[in-house]
$ cat coords38.cif   # mmCIF, C-alpha atoms and all ligand atoms
data_protein
#
loop_
_atom_site.label_atom_id
_atom_site.label_comp_id
_atom_site.auth_asym_id
_atom_site.auth_seq_id
_atom_site.Cartn_x
_atom_site.Cartn_y
_atom_site.Cartn_z
CA MET J 1 -23.78 15.77 -65.97
CA ASN J 2 -22.27 14.14 -69.03
CA ILE J 3 -19.35 11.87 -68.49
CA LYS J 4 -17.13 12.04 -71.55
CA PHE J 5 -14.34 9.78 -70.40
CA ILE J 6 -14.21 6.22 -69.44
CA PHE J 7 -11.69 6.00 -66.67
CA GLU J 8 -9.17 3.22 -66.54
CA THR J 9 -9.95 0.45 -64.07
CA TRP J 10 -7.51 -0.45 -61.34
CA SER J 11 -6.92 -3.96 -60.26
CA PHE J 12 -5.23 -4.64 -56.96
CA PRO J 13 -3.34 -7.84 -56.31
CA GLU J 14 -4.99 -9.85 -53.58
CA ARG J 15 -3.21 -9.25 -50.31
CA ASN J 16 -2.92 -11.68 -47.46
CA LEU J 17 -2.94 -9.40 -44.49
CA PRO J 18 -2.40 -11.05 -41.14
CA GLU J 19 -5.46 -11.42 -38.97
CA PRO J 20 -5.70 -8.32 -36.74
CA SER J 21 -5.26 -8.94 -33.03
CA ARG J 22 -8.45 -8.88 -30.99
CA ILE J 23 -7.04 -6.35 -28.54
CA PHE J 24 -4.41 -3.63 -28.57
CA GLN J 25 -0.89 -5.07 -28.58
CA ILE J 26 1.79 -3.83 -26.19
CA SER J 27 5.18 -5.47 -25.81
CA PRO J 28 6.33 -6.86 -22.47
CA CYS J 29 9.28 -4.96 -20.97
CA GLU J 30 12.85 -6.33 -21.13
CA LEU J 31 11.65 -9.52 -22.78
CA HIS J 32 14.97 -11.30 -23.13
CA SER J 33 16.69 -10.24 -19.93
CA THR J 34 16.54 -11.17 -16.25
CA TYR J 35 14.60 -7.99 -15.66
CA VAL J 36 11.77 -9.39 -17.78
CA GLU J 37 8.34 -8.11 -16.82
CA SER J 38 6.10 -10.35 -14.73
CA PHE J 39 2.85 -11.68 -16.16
CA SER J 40 0.74 -9.88 -13.52
CA SER J 41 2.43 -6.57 -14.33
CA TYR J 42 1.87 -7.15 -18.07
CA ILE J 43 -1.86 -7.82 -17.53
CA CYS J 44 -2.13 -4.60 -15.47
CA ARG J 45 -0.43 -2.52 -18.16
CA LEU J 46 -2.51 -4.17 -20.88
CA ALA J 47 -5.70 -3.35 -18.96
CA GLU J 48 -4.54 0.22 -18.44
CA ALA J 49 -3.84 0.59 -22.17
CA HIS J 50 -7.50 -0.36 -22.68
CA MET J 51 -8.64 2.06 -19.95
CA MET J 52 -10.08 -0.79 -17.90
CA LEU J 53 -9.59 -2.25 -14.45
CA PRO J 54 -7.54 -5.47 -14.66
CA THR J 55 -10.26 -7.91 -13.56
CA ILE J 56 -12.90 -6.32 -15.79
CA PHE J 57 -10.43 -6.36 -18.68
CA LEU J 58 -9.73 -10.07 -18.14
CA ARG J 59 -13.42 -10.86 -17.94
CA ARG J 60 -14.49 -8.83 -20.97
CA CYS J 61 -11.53 -9.10 -23.32
CA ILE J 62 -9.55 -12.24 -22.52
CA LEU J 63 -11.78 -14.77 -20.80
CA LYS J 64 -15.11 -13.95 -22.43
CA ASN J 65 -16.07 -17.57 -23.01
CA PHE J 66 -15.20 -18.84 -19.55
CA SER J 67 -17.76 -19.90 -16.96
CA GLU J 68 -18.30 -17.93 -13.75
CA GLU J 69 -16.84 -20.81 -11.70
CA THR J 70 -13.61 -20.81 -13.71
CA LEU J 71 -13.31 -17.05 -13.38
CA LEU J 72 -13.88 -17.25 -9.64
CA TYR J 73 -11.21 -19.93 -9.36
CA LEU J 74 -8.80 -17.77 -11.35
CA TYR J 75 -9.45 -14.67 -9.24
CA ARG J 76 -8.75 -16.66 -6.09
CA SER J 77 -5.50 -17.98 -7.52
CA PHE J 78 -4.04 -14.66 -8.63
CA ASN J 79 -1.44 -14.71 -5.84
CA ARG J 80 0.32 -17.51 -7.75
CA LEU J 81 0.00 -15.81 -11.13
CA ASN J 82 3.74 -15.59 -11.87
CA GLY J 83 4.64 -19.07 -10.64
CA THR J 84 4.37 -22.59 -12.01
CA ALA J 85 0.68 -23.52 -11.59
CA GLU J 86 -1.06 -25.15 -14.57
CA TYR J 87 -3.78 -22.50 -14.88
CA ILE J 88 -1.13 -19.85 -15.60
CA ASP J 89 -0.23 -21.53 -18.89
CA MET J 90 -3.89 -21.61 -19.91
CA LEU J 91 -4.22 -17.90 -19.11
CA ARG J 92 -0.99 -17.10 -20.96
CA LYS J 93 -2.30 -18.87 -24.09
CA GLU J 94 -5.53 -16.86 -23.93
CA VAL J 95 -3.60 -13.58 -23.64
CA GLU J 96 -1.34 -14.64 -26.52
CA LYS J 97 -4.39 -15.46 -28.64
CA ALA J 98 -5.95 -12.07 -27.95
CA THR J 99 -2.77 -10.04 -28.53
CA GLU J 100 -1.40 -12.22 -31.38
CA LEU J 101 1.91 -12.32 -29.48
CA SER J 102 3.69 -15.63 -29.07
CA ASN J 103 6.48 -14.92 -26.65
CA LEU J 104 4.92 -14.52 -23.22
CA GLN J 105 6.22 -17.79 -21.75
CA ASN J 106 9.12 -16.13 -19.91
CA LEU J 107 6.84 -13.76 -18.03
CA THR J 108 6.11 -16.58 -15.57
CA LEU J 109 8.17 -19.43 -14.13
CA PHE J 110 5.93 -22.05 -15.75
CA GLY J 111 8.64 -23.21 -18.18
CA LEU J 112 10.86 -24.12 -15.20
CA LYS J 113 8.23 -26.11 -13.32
CA ASN J 114 10.13 -29.41 -13.53
CA LEU J 115 13.27 -28.00 -11.90
CA PHE J 116 12.00 -27.20 -8.39
CA ASN J 117 8.88 -27.53 -6.29
CA PHE J 118 6.47 -24.65 -5.85
CA GLN J 119 7.11 -24.03 -2.16
CA GLN J 120 8.99 -20.86 -1.19
CA LEU J 121 8.84 -19.72 -4.79
CA ILE J 122 6.58 -16.70 -5.22
CA LYS J 123 5.77 -13.96 -2.71
CA ARG J 124 2.15 -13.78 -1.61
CA TYR J 125 2.11 -9.99 -1.95
CA GLY J 126 3.82 -7.54 -4.27
CA ALA J 127 7.33 -6.12 -3.71
CA TRP J 128 9.01 -3.25 -5.53
CA CYS J 129 12.03 -0.96 -5.56
CA PRO J 130 10.72 2.63 -5.17
CA LEU J 131 13.90 4.05 -6.74
CA CYS J 132 13.53 1.93 -9.89
CA LEU J 133 9.86 2.99 -10.23
CA HIS J 134 10.85 6.65 -9.83
CA GLU J 135 13.67 6.37 -12.36
CA TRP J 136 11.51 4.74 -15.03
CA ARG J 137 8.82 7.37 -14.65
CA GLU J 138 11.36 10.22 -14.81
CA LEU J 139 12.84 8.77 -18.01
CA SER J 140 9.32 8.35 -19.47
CA GLN J 141 9.90 4.61 -19.71
CA PRO J 142 7.15 2.10 -19.04
CA VAL J 143 6.82 1.39 -15.32
CA TYR J 144 6.56 -2.33 -14.63
CA ILE J 145 7.26 -5.01 -12.01
CA PRO J 146 10.04 -7.43 -13.03
CA LEU J 147 9.41 -11.13 -12.47
CA ILE J 148 12.52 -11.43 -10.30
CA TRP J 149 10.99 -9.15 -7.61
CA HIS J 150 8.21 -11.71 -7.12
CA LEU J 151 10.64 -14.43 -6.05
CA GLN J 152 10.45 -15.13 -2.32
CA THR J 153 14.20 -15.51 -2.10
CA ILE J 154 14.90 -12.04 -3.56
CA GLN J 155 14.86 -9.38 -0.89
CA CYS J 156 16.66 -6.50 -2.58
CA CYS J 157 17.07 -4.48 -5.78
CA VAL J 158 20.50 -5.35 -7.20
CA LYS J 159 20.73 -2.04 -9.02
CA HIS J 160 20.13 0.23 -6.01
CA ALA J 161 21.26 -2.15 -3.23
CA ILE J 162 18.15 -1.42 -1.17
CA LEU J 163 15.54 -3.75 0.27
CA LEU J 164 12.38 -4.18 -1.81
CA GLN J 165 9.35 -2.48 -0.26
CA THR J 166 6.20 -4.42 0.53
CA ALA J 167 3.83 -1.82 1.99
CA CYS J 168 2.40 1.44 0.65
CA PRO J 169 4.36 4.41 2.09
CA LYS J 170 1.12 6.27 2.81
CA CYS J 171 -1.46 3.76 4.04
CA ASN J 172 0.83 0.80 4.83
CA SER J 173 -1.29 -1.64 2.78
CA LEU J 174 0.17 -4.77 1.29
CA GLN J 175 -0.35 -5.01 -2.46
CA HIS J 176 -2.00 -8.04 -4.05
CA ILE J 177 -0.31 -9.66 -7.02
CA LEU J 178 -3.36 -8.82 -9.13
CA HIS J 179 -6.30 -6.95 -7.70
CA ARG J 180 -9.39 -5.24 -9.06
CA TYR J 181 -7.71 -1.86 -8.51
CA SER J 182 -4.11 -2.88 -9.34
CA ARG J 183 -2.15 -0.29 -11.29
CA VAL J 184 1.60 -0.75 -11.64
CA GLY J 185 3.45 1.61 -9.28
CA TYR J 186 0.30 2.82 -7.46
CA CYS J 187 -1.23 1.64 -4.21
CA GLU J 188 -4.35 -0.43 -4.90
CA ARG J 189 -6.01 1.00 -1.78
CA CYS J 190 -5.19 4.73 -1.54
CA LYS J 191 -3.92 5.16 -5.15
CA THR J 192 -0.67 6.81 -3.97
CA TRP J 193 2.32 6.71 -6.33
CA MET J 194 4.81 4.36 -4.64
CA GLY J 195 8.00 5.42 -6.43
CA GLN J 196 10.42 7.53 -4.39
CA GLU J 197 13.46 9.60 -5.31
CA PHE J 198 15.31 8.91 -2.03
CA ILE J 199 14.92 6.32 0.65
CA ASN J 200 16.63 6.15 4.01
CA GLY J 201 17.62 3.17 6.10
CA HIS J 202 16.62 0.32 3.81
CA ASN J 203 20.08 -0.75 2.69
CA ALA J 204 20.52 -4.38 1.70
CA SER J 205 23.36 -6.43 3.17
CA LEU J 206 26.23 -7.59 0.99
CA GLU J 207 25.06 -11.19 1.45
CA GLN J 208 21.60 -10.32 0.15
CA ILE J 209 23.05 -8.51 -2.89
CA ASN J 210 25.45 -11.34 -3.74
CA TRP J 211 22.65 -13.84 -3.38
CA ALA J 212 20.33 -11.80 -5.63
CA GLN J 213 23.09 -11.57 -8.23
CA TRP J 214 23.60 -15.32 -8.11
CA ILE J 215 19.89 -15.92 -8.66
CA LYS J 216 19.81 -13.35 -11.47
CA HIS J 217 22.74 -14.99 -13.24
CA ASN J 218 21.17 -18.45 -13.07
CA LEU J 219 17.72 -17.27 -14.10
CA ASN J 220 19.29 -15.65 -17.13
CA ILE J 221 20.70 -19.02 -18.17
CA LEU J 222 17.37 -20.77 -17.58
CA PHE J 223 15.32 -18.18 -19.51
CA ARG J 224 17.72 -18.43 -22.45
CA GLU J 225 17.14 -22.18 -22.51
CA VAL J 226 13.34 -21.75 -22.39
CA ASP J 227 13.64 -19.28 -25.29
CA LYS J 228 15.49 -21.93 -27.27
CA GLY J 229 12.59 -24.30 -26.64
CA THR J 230 14.33 -26.52 -24.06
CA GLU J 231 11.93 -28.54 -21.96
CA PHE J 232 13.44 -29.41 -18.61
CA GLN J 233 12.79 -32.86 -17.23
CA ARG J 234 12.30 -33.64 -13.58
CA GLN J 235 14.61 -36.64 -13.84
CA GLN J 236 17.50 -34.40 -14.99
CA VAL J 237 17.61 -32.63 -11.63
CA ILE J 238 17.16 -35.79 -9.57
CA SER J 239 19.98 -37.54 -11.47
CA ALA J 240 22.24 -34.49 -11.03
CA MET J 241 21.56 -34.41 -7.29
CA GLU J 242 22.34 -38.12 -7.06
CA TYR J 243 25.50 -37.76 -9.13
CA TYR J 244 26.99 -35.05 -6.92
CA TYR J 245 25.85 -36.53 -3.66
CA THR J 246 27.26 -39.98 -4.29
CA SER J 247 30.32 -39.26 -6.46
CA ASP J 248 32.62 -37.47 -4.05
CA LYS J 249 32.95 -37.58 -0.27
CA LYS J 250 34.16 -33.97 -0.05
CA ILE J 251 31.11 -32.70 -1.94
CA LYS J 252 28.83 -34.79 0.23
CA ASN J 253 30.35 -33.33 3.40
CA GLU J 254 30.14 -29.77 2.13
CA LEU J 255 26.50 -30.24 1.16
CA LYS J 256 25.76 -31.65 4.62
CA LEU J 257 27.49 -28.69 6.25
CA ALA J 258 25.43 -26.30 4.14
CA GLY J 259 22.27 -27.83 5.57
CA PHE J 260 21.39 -30.45 2.93
CA LYS J 261 20.91 -33.37 5.27
CA ASP J 262 17.91 -35.08 3.71
CA ILE J 263 19.15 -35.12 0.11
CA GLN J 264 19.43 -38.90 0.02
CA GLU J 265 15.82 -39.26 1.09
CA LYS J 266 14.74 -36.78 -1.58
CA ILE J 267 16.68 -38.65 -4.28
CA ILE J 268 15.07 -41.97 -3.30
CA LYS J 269 11.59 -40.45 -3.24
CA GLY J 270 12.24 -38.49 -6.45
CA GLN J 271 11.40 -35.17 -4.76
CA LEU J 272 12.56 -31.81 -6.06
CA LEU J 273 14.26 -29.12 -3.99
CA THR J 274 12.72 -25.70 -3.45
CA PHE J 275 14.03 -22.94 -5.73
CA PRO J 276 16.24 -21.29 -3.05
CA ASN J 277 17.63 -24.67 -2.06
CA LEU J 278 18.40 -25.63 -5.66
CA MET J 279 20.24 -22.32 -6.09
CA ALA J 280 22.12 -22.92 -2.83
CA PHE J 281 22.98 -26.45 -4.00
CA CYS J 282 24.54 -24.94 -7.15
CA LYS J 283 26.35 -22.31 -5.10
CA VAL J 284 27.94 -24.90 -2.78
CA LEU J 285 29.34 -26.67 -5.83
CA GLY J 286 30.34 -23.40 -7.53
CA LEU J 287 28.37 -24.46 -10.60
CA THR J 288 25.74 -22.65 -12.62
CA ILE J 289 22.41 -24.40 -13.09
CA ASP J 290 23.21 -25.61 -16.63
CA ASP J 291 26.56 -27.05 -15.48
CA LEU J 292 24.71 -28.82 -12.69
CA LEU J 293 22.14 -30.29 -15.08
CA ASN J 294 24.95 -31.42 -17.39
CA GLN J 295 26.76 -32.94 -14.40
CA VAL J 296 29.99 -30.97 -14.87
CA GLN J 297 32.68 -31.90 -12.33
CA PRO J 298 33.10 -28.97 -9.89
CA THR J 299 36.60 -27.52 -9.64
CA ASP J 300 36.04 -25.18 -6.76
CA ILE J 301 33.75 -26.27 -3.98
CA LYS J 302 32.61 -23.16 -2.16
CA GLU J 303 32.54 -23.13 1.56
CA ILE J 304 29.35 -21.23 2.08
CA THR J 305 28.56 -22.41 5.56
CA ASN J 306 28.53 -18.80 6.75
CA GLU J 307 26.09 -17.80 4.01
CA LYS J 308 23.38 -20.16 5.07
CA PHE J 309 20.85 -17.41 5.62
CA TYR J 310 18.88 -18.41 2.56
CA LEU J 311 18.71 -22.11 3.23
CA ARG J 312 15.36 -23.40 4.29
CA ARG J 313 16.60 -25.42 7.19
CA LYS J 314 18.24 -22.46 8.88
CA LYS J 315 16.96 -21.84 12.36
CA ARG J 316 14.69 -18.86 12.63
CA ASP J 317 16.18 -16.06 14.64
CA MET J 318 13.49 -15.83 17.30
CA GLY J 319 15.40 -13.03 19.05
CA LEU J 320 15.22 -10.91 15.90
CA ILE J 321 11.51 -11.65 15.44
CA LYS J 322 10.79 -10.65 19.04
CA GLN J 323 12.85 -7.48 18.64
CA THR J 324 10.90 -6.53 15.49
CA LEU J 325 7.58 -7.09 17.26
CA VAL J 326 8.63 -4.98 20.27
CA LEU J 327 9.94 -2.24 17.96
CA SER J 328 6.69 -2.07 16.03
CA ILE J 329 4.72 -1.75 19.30
CA ASN J 330 6.91 1.12 20.48
CA SER J 331 7.14 2.85 17.11
CA ASP J 332 5.81 6.39 17.07
CA LYS J 333 5.04 6.30 13.36
CA HIS J 334 1.55 7.43 12.46
CA LEU J 335 1.03 4.15 10.65
CA TYR J 336 0.98 1.04 12.77
CA PRO J 337 1.76 -2.16 10.90
CA THR J 338 -0.63 -5.08 10.87
CA LEU J 339 0.57 -8.55 11.84
CA GLN J 340 0.39 -9.40 8.15
CA ASN J 341 2.77 -6.51 7.31
CA ILE J 342 5.25 -7.73 9.91
CA SER J 343 5.02 -11.35 8.78
CA VAL J 344 5.76 -10.34 5.17
CA ASP J 345 8.79 -8.31 6.29
CA LEU J 346 10.09 -11.22 8.36
CA ASN J 347 9.27 -13.76 5.67
CA CYS J 348 7.29 -15.96 8.06
CA SER J 349 3.64 -16.78 8.62
CA VAL J 350 1.23 -14.90 10.89
CA ASN J 351 0.56 -18.23 12.63
CA LEU J 352 4.23 -18.54 13.60
CA LEU J 353 4.11 -15.07 15.18
CA ARG J 354 0.89 -15.83 17.06
CA ARG J 355 2.14 -19.22 18.26
CA ASN J 356 5.45 -17.96 19.62
CA PHE J 357 4.55 -14.46 20.84
CA PRO J 358 0.83 -14.46 21.64
CA GLY J 359 1.09 -11.52 24.09
CA LEU J 360 3.02 -9.25 21.73
CA CYS J 361 0.70 -10.13 18.84
CA THR J 362 -2.41 -9.24 20.86
CA GLU J 363 -0.79 -5.90 21.73
CA ILE J 364 0.04 -5.18 18.07
CA VAL J 365 -3.49 -6.01 16.92
CA ALA J 366 -4.98 -3.85 19.71
CA LYS J 367 -2.69 -0.94 18.89
CA TYR J 368 -3.52 -1.15 15.19
CA LYS J 369 -7.25 -1.26 15.98
CA ASN J 370 -7.05 1.71 18.39
CA ASN J 371 -5.10 3.69 15.84
CA LYS J 372 -7.63 2.85 13.13
CA ASP J 373 -10.51 3.87 15.42
CA SER J 374 -8.92 7.20 16.28
CA GLU J 375 -8.18 7.86 12.58
CA LYS J 376 -11.84 7.12 11.86
CA LYS J 377 -13.00 9.56 14.56
CA LYS J 378 -10.68 12.26 13.19
CA THR J 379 -12.06 11.79 9.65
CA ILE J 380 -15.66 12.01 10.89
CA GLN J 381 -14.87 15.16 12.87
CA LYS J 382 -13.16 16.75 9.86
CA LEU J 383 -16.18 16.02 7.67
CA ARG J 384 -18.61 17.45 10.24
CA ASN J 385 -16.49 20.59 10.66
CA THR J 386 -16.47 21.09 6.89
CA ILE J 387 -20.26 20.80 6.67
CA TYR J 388 -20.85 23.17 9.64
CA GLU J 389 -18.34 25.69 8.24
CA LEU J 390 -20.18 25.79 4.87
CA HIS J 391 -23.48 26.25 6.72
CA ARG J 392 -21.94 29.13 8.71
CA GLN J 393 -20.95 30.77 5.40
CA LYS J 394 -24.59 30.37 4.33
CA LYS J 395 -23.70 27.87 1.61
CA TYR J 396 -25.57 24.63 1.12
CA PRO J 397 -23.17 21.76 2.00
CA SER J 398 -23.57 19.93 -1.32
CA ARG J 399 -21.50 16.92 -2.21
CA ARG J 400 -19.31 18.98 -4.51
CA LYS J 401 -18.65 21.82 -2.06
CA VAL J 402 -18.02 19.48 0.86
CA GLY J 403 -15.82 17.25 -1.32
CA GLU J 404 -13.67 20.18 -2.46
CA ILE J 405 -12.86 21.29 1.08
CA PHE J 406 -12.74 17.79 2.58
CA GLY J 407 -10.19 16.76 -0.07
CA ASN J 408 -12.12 13.81 -1.46
CA MET J 409 -14.80 14.38 -4.08
CA ASN J 410 -16.09 10.82 -3.71
CA PHE J 411 -16.42 10.79 0.08
CA ASN J 412 -20.12 9.91 -0.26
CA ARG J 413 -19.26 6.55 -1.81
CA LYS J 414 -18.21 5.35 1.64
CA PRO J 415 -21.42 4.38 3.49
CA MET J 416 -20.03 5.59 6.82
CA LEU J 417 -19.15 9.09 5.53
CA ARG J 418 -22.41 9.37 3.57
CA GLU J 419 -24.26 8.62 6.79
CA VAL J 420 -22.31 11.36 8.64
CA TRP J 421 -23.02 13.87 5.85
CA HIS J 422 -26.76 13.06 5.86
CA GLN J 423 -26.92 13.22 9.64
CA ALA J 424 -25.19 16.63 9.74
CA LEU J 425 -27.55 17.94 7.02
CA THR J 426 -30.58 16.83 9.05
CA GLU J 427 -29.14 18.42 12.21
CA LEU J 428 -28.78 21.71 10.34
CA GLY J 429 -32.36 21.52 9.14
CA TYR J 430 -31.68 20.80 5.47
CA GLU J 431 -33.71 18.42 3.46
CA ILE J 432 -31.60 15.65 1.97
CA LYS J 433 -31.75 15.91 -1.80
ZN ZN Q 501 16.02 -0.36 -7.83
ZN ZN Q 502 -1.75 3.18 0.04
#
$ encode --input "coords38.cif" --output "structure tokens" --more "lines below"
Ligand SMILES: [Zn+2]
Ligand SMILES: [Zn+2]
Amino acid sequence: MNIKFIFETWSFPERNLPEPSRIFQISPCELHSTYVESFSSYICRLAEAHMMLPTIFLRRCILKNFSEETLLYLYRSFNRLNGTAEYIDMLRKEVEKATELSNLQNLTLFGLKNLFNFQQLIKRYGAWCPLCLHEWRELSQPVYIPLIWHLQTIQCCVKHAILLQTACPKCNSLQHILHRYSRVGYCERCKTWMGQEFINGHNASLEQINWAQWIKHNLNILFREVDKGTEFQRQQVISAMEYYYTSDKKIKNELKLAGFKDIQEKIIKGQLLTFPNLMAFCKVLGLTIDDLLNQVQPTDIKEITNEKFYLRRKKRDMGLIKQTLVLSINSDKHLYPTLQNISVDLNCSVNLLRRNFPGLCTEIVAKYKNNKDSEKKKTIQKLRNTIYELHRQKKYPSRRKVGEIFGNMNFNRKPMLREVWHQALTELGYEIK
């Protein structure tokens, strides 16, 4: 071929393209609002976008250069993932590096760590509003878990005025903050979708809703400050507490009535309040958190002595706890709660239940165990019936055929069920392939 023309040459100006991010970038939900997504929820969605399980995603894509010991430590600390622990900031920086995002600080409470102590801050297990989850899915919006639902002091969804749920509606399992099989909106154990269109009998009280709104309002102020780059100092809160406690007798009395009896001791020792107590402190004075930190003189001191339900020093209602335990023993639901389920609902420890009601606790554990045993027997019987029925129809009970009728194609992954299958095959004279 003869080339008769000499084509013109093109010269491109040198372009400075930004470095591509190491992994796929998705934006956190509701970034600059109080409904901001939690860090654990963001990691789950990020992992899902990469078609990976969350822990494998973290290991392979985010924390590639970390030692096994560090990873193990991290995995064990996931229940505090949205709180104020130091390791959270390290993990956040790694995620930011990998996604080339720089605005993930408000997905945890780390930026507020100097304002309150870490006790009574973050729930040990997940909590969610099934109506919110359902709504987001129906509107084809991303389904996520807002940070505010992780706060121990928040018991309800402000939007739907219902109590947040803490156990899977199908298998009653509690949900870890971040688990190998975590997927936002789905049960980590039985994979059931946990959103619901309607829910009966879980209405929140007016006190709980007002309290949640108060927290939401104050968090909004705090997150705005963190966005602006404000770094809160521990001394700011201690000085504010001292100012209000010593400046006015009326304030002092009202604080004492609201349950703040050891404030003076805390001021001397330089100790911080818990998050719910700090919020209650503000509420007594009728001040928002930024007014409190700026030591604004209160004009309207609220008498909240009848709203003390959220204060730490409130006496536990042992009658109510006993009633709940008795109710759960007598319940005719097909799912019996574990002691852990009950303790999460009552916001107390399992040890407290065992210490105060040893008899009732033993009964609950026994009932749960019996129920689990009978469920196990039923499953085994169902599997055996399926295998025998296929044999009767002169079909070989293969894994696929059994799985189709049994309703679980992966039944053989459970050692117990695989054993039953093999045993039934031997009984029927088949050779195990
Ligand atoms: Zn809701
Ligand atoms: Zn479940």
$ closest_atom_pairs --input "coords38.cif" --of "chain J" --to "ligand ZN 501 (chain Q)" --cutoff "6 Å" --atoms "only C-alpha atoms and all ligand atoms" --output "Markdown table"
| residue | atom | partner | partner_atom | distance |
| --- | --- | --- | --- | --- |
| J:Cys129 | CA | Q:ZN501 | ZN | 4.6 |
| J:Leu131 | CA | Q:ZN501 | ZN | 5.0 |
| J:Cys132 | CA | Q:ZN501 | ZN | 4.0 |
| J:Cys157 | CA | Q:ZN501 | ZN | 4.7 |
| J:Lys159 | CA | Q:ZN501 | ZN | 5.1 |
| J:His160 | CA | Q:ZN501 | ZN | 4.5 |
$ closest_residue --input "coords38.cif" --among "J:Ile387, J:Ile238, J:Ile162, J:Ile43" --to "J:Gly201" --atoms "all atoms listed in the file"
J:Ile162
$ residues_near_ligand --input "coords38.cif" --ligand "ligand ZN 502 (chain Q)" --cutoff "12 Å" --atoms "all atoms listed in the file" --output "PyMOL selection string"
chain J and resi 166-176+181-183+185-195+335
$ closest_residue --input "coords38.cif" --among "J:Gln393, J:Asn203, J:Ser77, J:Asn114" --to "J:Gln235" --atoms "only C-alpha atoms"
J:Asn114
$ residues_around --input "coords38.cif" --residues "J:Asp290" --least-positions-apart "3" --cutoff "12 Å" --atoms "all atoms listed in the file" --output "MDAnalysis selection string"
chainID J and resid 115 217:225 230 232 236:237 240 278:279 282 286:287 293:296
$ atom_distance --input "coords38.cif" --atom1 "atom CA of J:His202" --atom2 "atom CA of J:Pro276"
22.7 Å
$ atom_distance --input "coords38.cif" --atom1 "atom CA of J:Val184" --atom2 "atom CA of J:Asp89"
22.1 Å
$ residues_near_point --input "coords38.cif" --point "(9.4, -11.4, 19.0)" --cutoff "12 Å" --atoms "all atoms listed in the file" --output "PyMOL selection string"
chain J and resi 316-329+339+342-343+346+352-361+363-364
$ atom_distance --input "coords38.cif" --atom1 "atom CA of J:Pro298" --atom2 "atom CA of J:Glu242"
14.4 Å
$ closest_residue --input "coords38.cif" --among "J:Ala127, J:Leu257, J:Ala212, J:Met241" --to "J:Val344" --atoms "all atoms listed in the file"
J:Ala127
$ build_atoms --input "coords38.cif" --residues "stretch 245-259 of chain J" --atoms "N, CA and C atoms" --output "mmCIF file, keeping the file's coordinate frame"
data_model
loop_
_atom_site.group_PDB
_atom_site.id
_atom_site.type_symbol
_atom_site.label_atom_id
_atom_site.label_comp_id
_atom_site.auth_asym_id
_atom_site.auth_seq_id
_atom_site.Cartn_x
_atom_site.Cartn_y
_atom_site.Cartn_z
ATOM 1 N N TYR J 245 25.910 -36.089 -5.044
ATOM 2 C CA TYR J 245 25.850 -36.530 -3.660
ATOM 3 C C TYR J 245 26.614 -37.837 -3.447
ATOM 4 N N THR J 246 26.637 -38.670 -4.475
ATOM 5 C CA THR J 246 27.260 -39.980 -4.290
ATOM 6 C C THR J 246 28.676 -40.074 -4.879
ATOM 7 N N SER J 247 29.050 -39.080 -5.736
ATOM 8 C CA SER J 247 30.320 -39.260 -6.460
ATOM 9 C C SER J 247 31.556 -38.911 -5.627
ATOM 10 N N ASP J 248 31.426 -37.969 -4.708
ATOM 11 C CA ASP J 248 32.620 -37.470 -4.050
ATOM 12 C C ASP J 248 32.323 -37.216 -2.562
ATOM 13 N N LYS J 249 33.198 -37.718 -1.701
ATOM 14 C CA LYS J 249 32.950 -37.580 -0.270
ATOM 15 C C LYS J 249 33.020 -36.117 0.170
ATOM 16 N N LYS J 250 33.974 -35.364 -0.446
ATOM 17 C CA LYS J 250 34.160 -33.970 -0.050
ATOM 18 C C LYS J 250 32.891 -33.146 -0.360
ATOM 19 N N ILE J 251 32.333 -33.419 -1.552
ATOM 20 C CA ILE J 251 31.110 -32.700 -1.940
ATOM 21 C C ILE J 251 29.985 -33.038 -0.969
ATOM 22 N N LYS J 252 29.890 -34.332 -0.664
ATOM 23 C CA LYS J 252 28.830 -34.790 0.230
ATOM 24 C C LYS J 252 28.924 -34.072 1.580
ATOM 25 N N ASN J 253 30.156 -33.994 2.105
ATOM 26 C CA ASN J 253 30.350 -33.330 3.400
ATOM 27 C C ASN J 253 29.972 -31.860 3.338
ATOM 28 N N GLU J 254 30.411 -31.204 2.248
ATOM 29 C CA GLU J 254 30.140 -29.770 2.130
ATOM 30 C C GLU J 254 28.645 -29.506 2.026
ATOM 31 N N LEU J 255 27.949 -30.400 1.284
ATOM 32 C CA LEU J 255 26.500 -30.240 1.160
ATOM 33 C C LEU J 255 25.830 -30.427 2.520
ATOM 34 N N LYS J 256 26.344 -31.403 3.292
ATOM 35 C CA LYS J 256 25.760 -31.650 4.620
ATOM 36 C C LYS J 256 25.972 -30.436 5.508
ATOM 37 N N LEU J 257 27.189 -29.870 5.434
ATOM 38 C CA LEU J 257 27.490 -28.690 6.250
ATOM 39 C C LEU J 257 26.591 -27.513 5.888
ATOM 40 N N ALA J 258 26.262 -27.424 4.594
ATOM 41 C CA ALA J 258 25.430 -26.300 4.140
ATOM 42 C C ALA J 258 23.953 -26.510 4.473
ATOM 43 N N GLY J 259 23.650 -27.632 5.121
ATOM 44 C CA GLY J 259 22.270 -27.830 5.570
ATOM 45 C C GLY J 259 21.488 -28.856 4.767
#
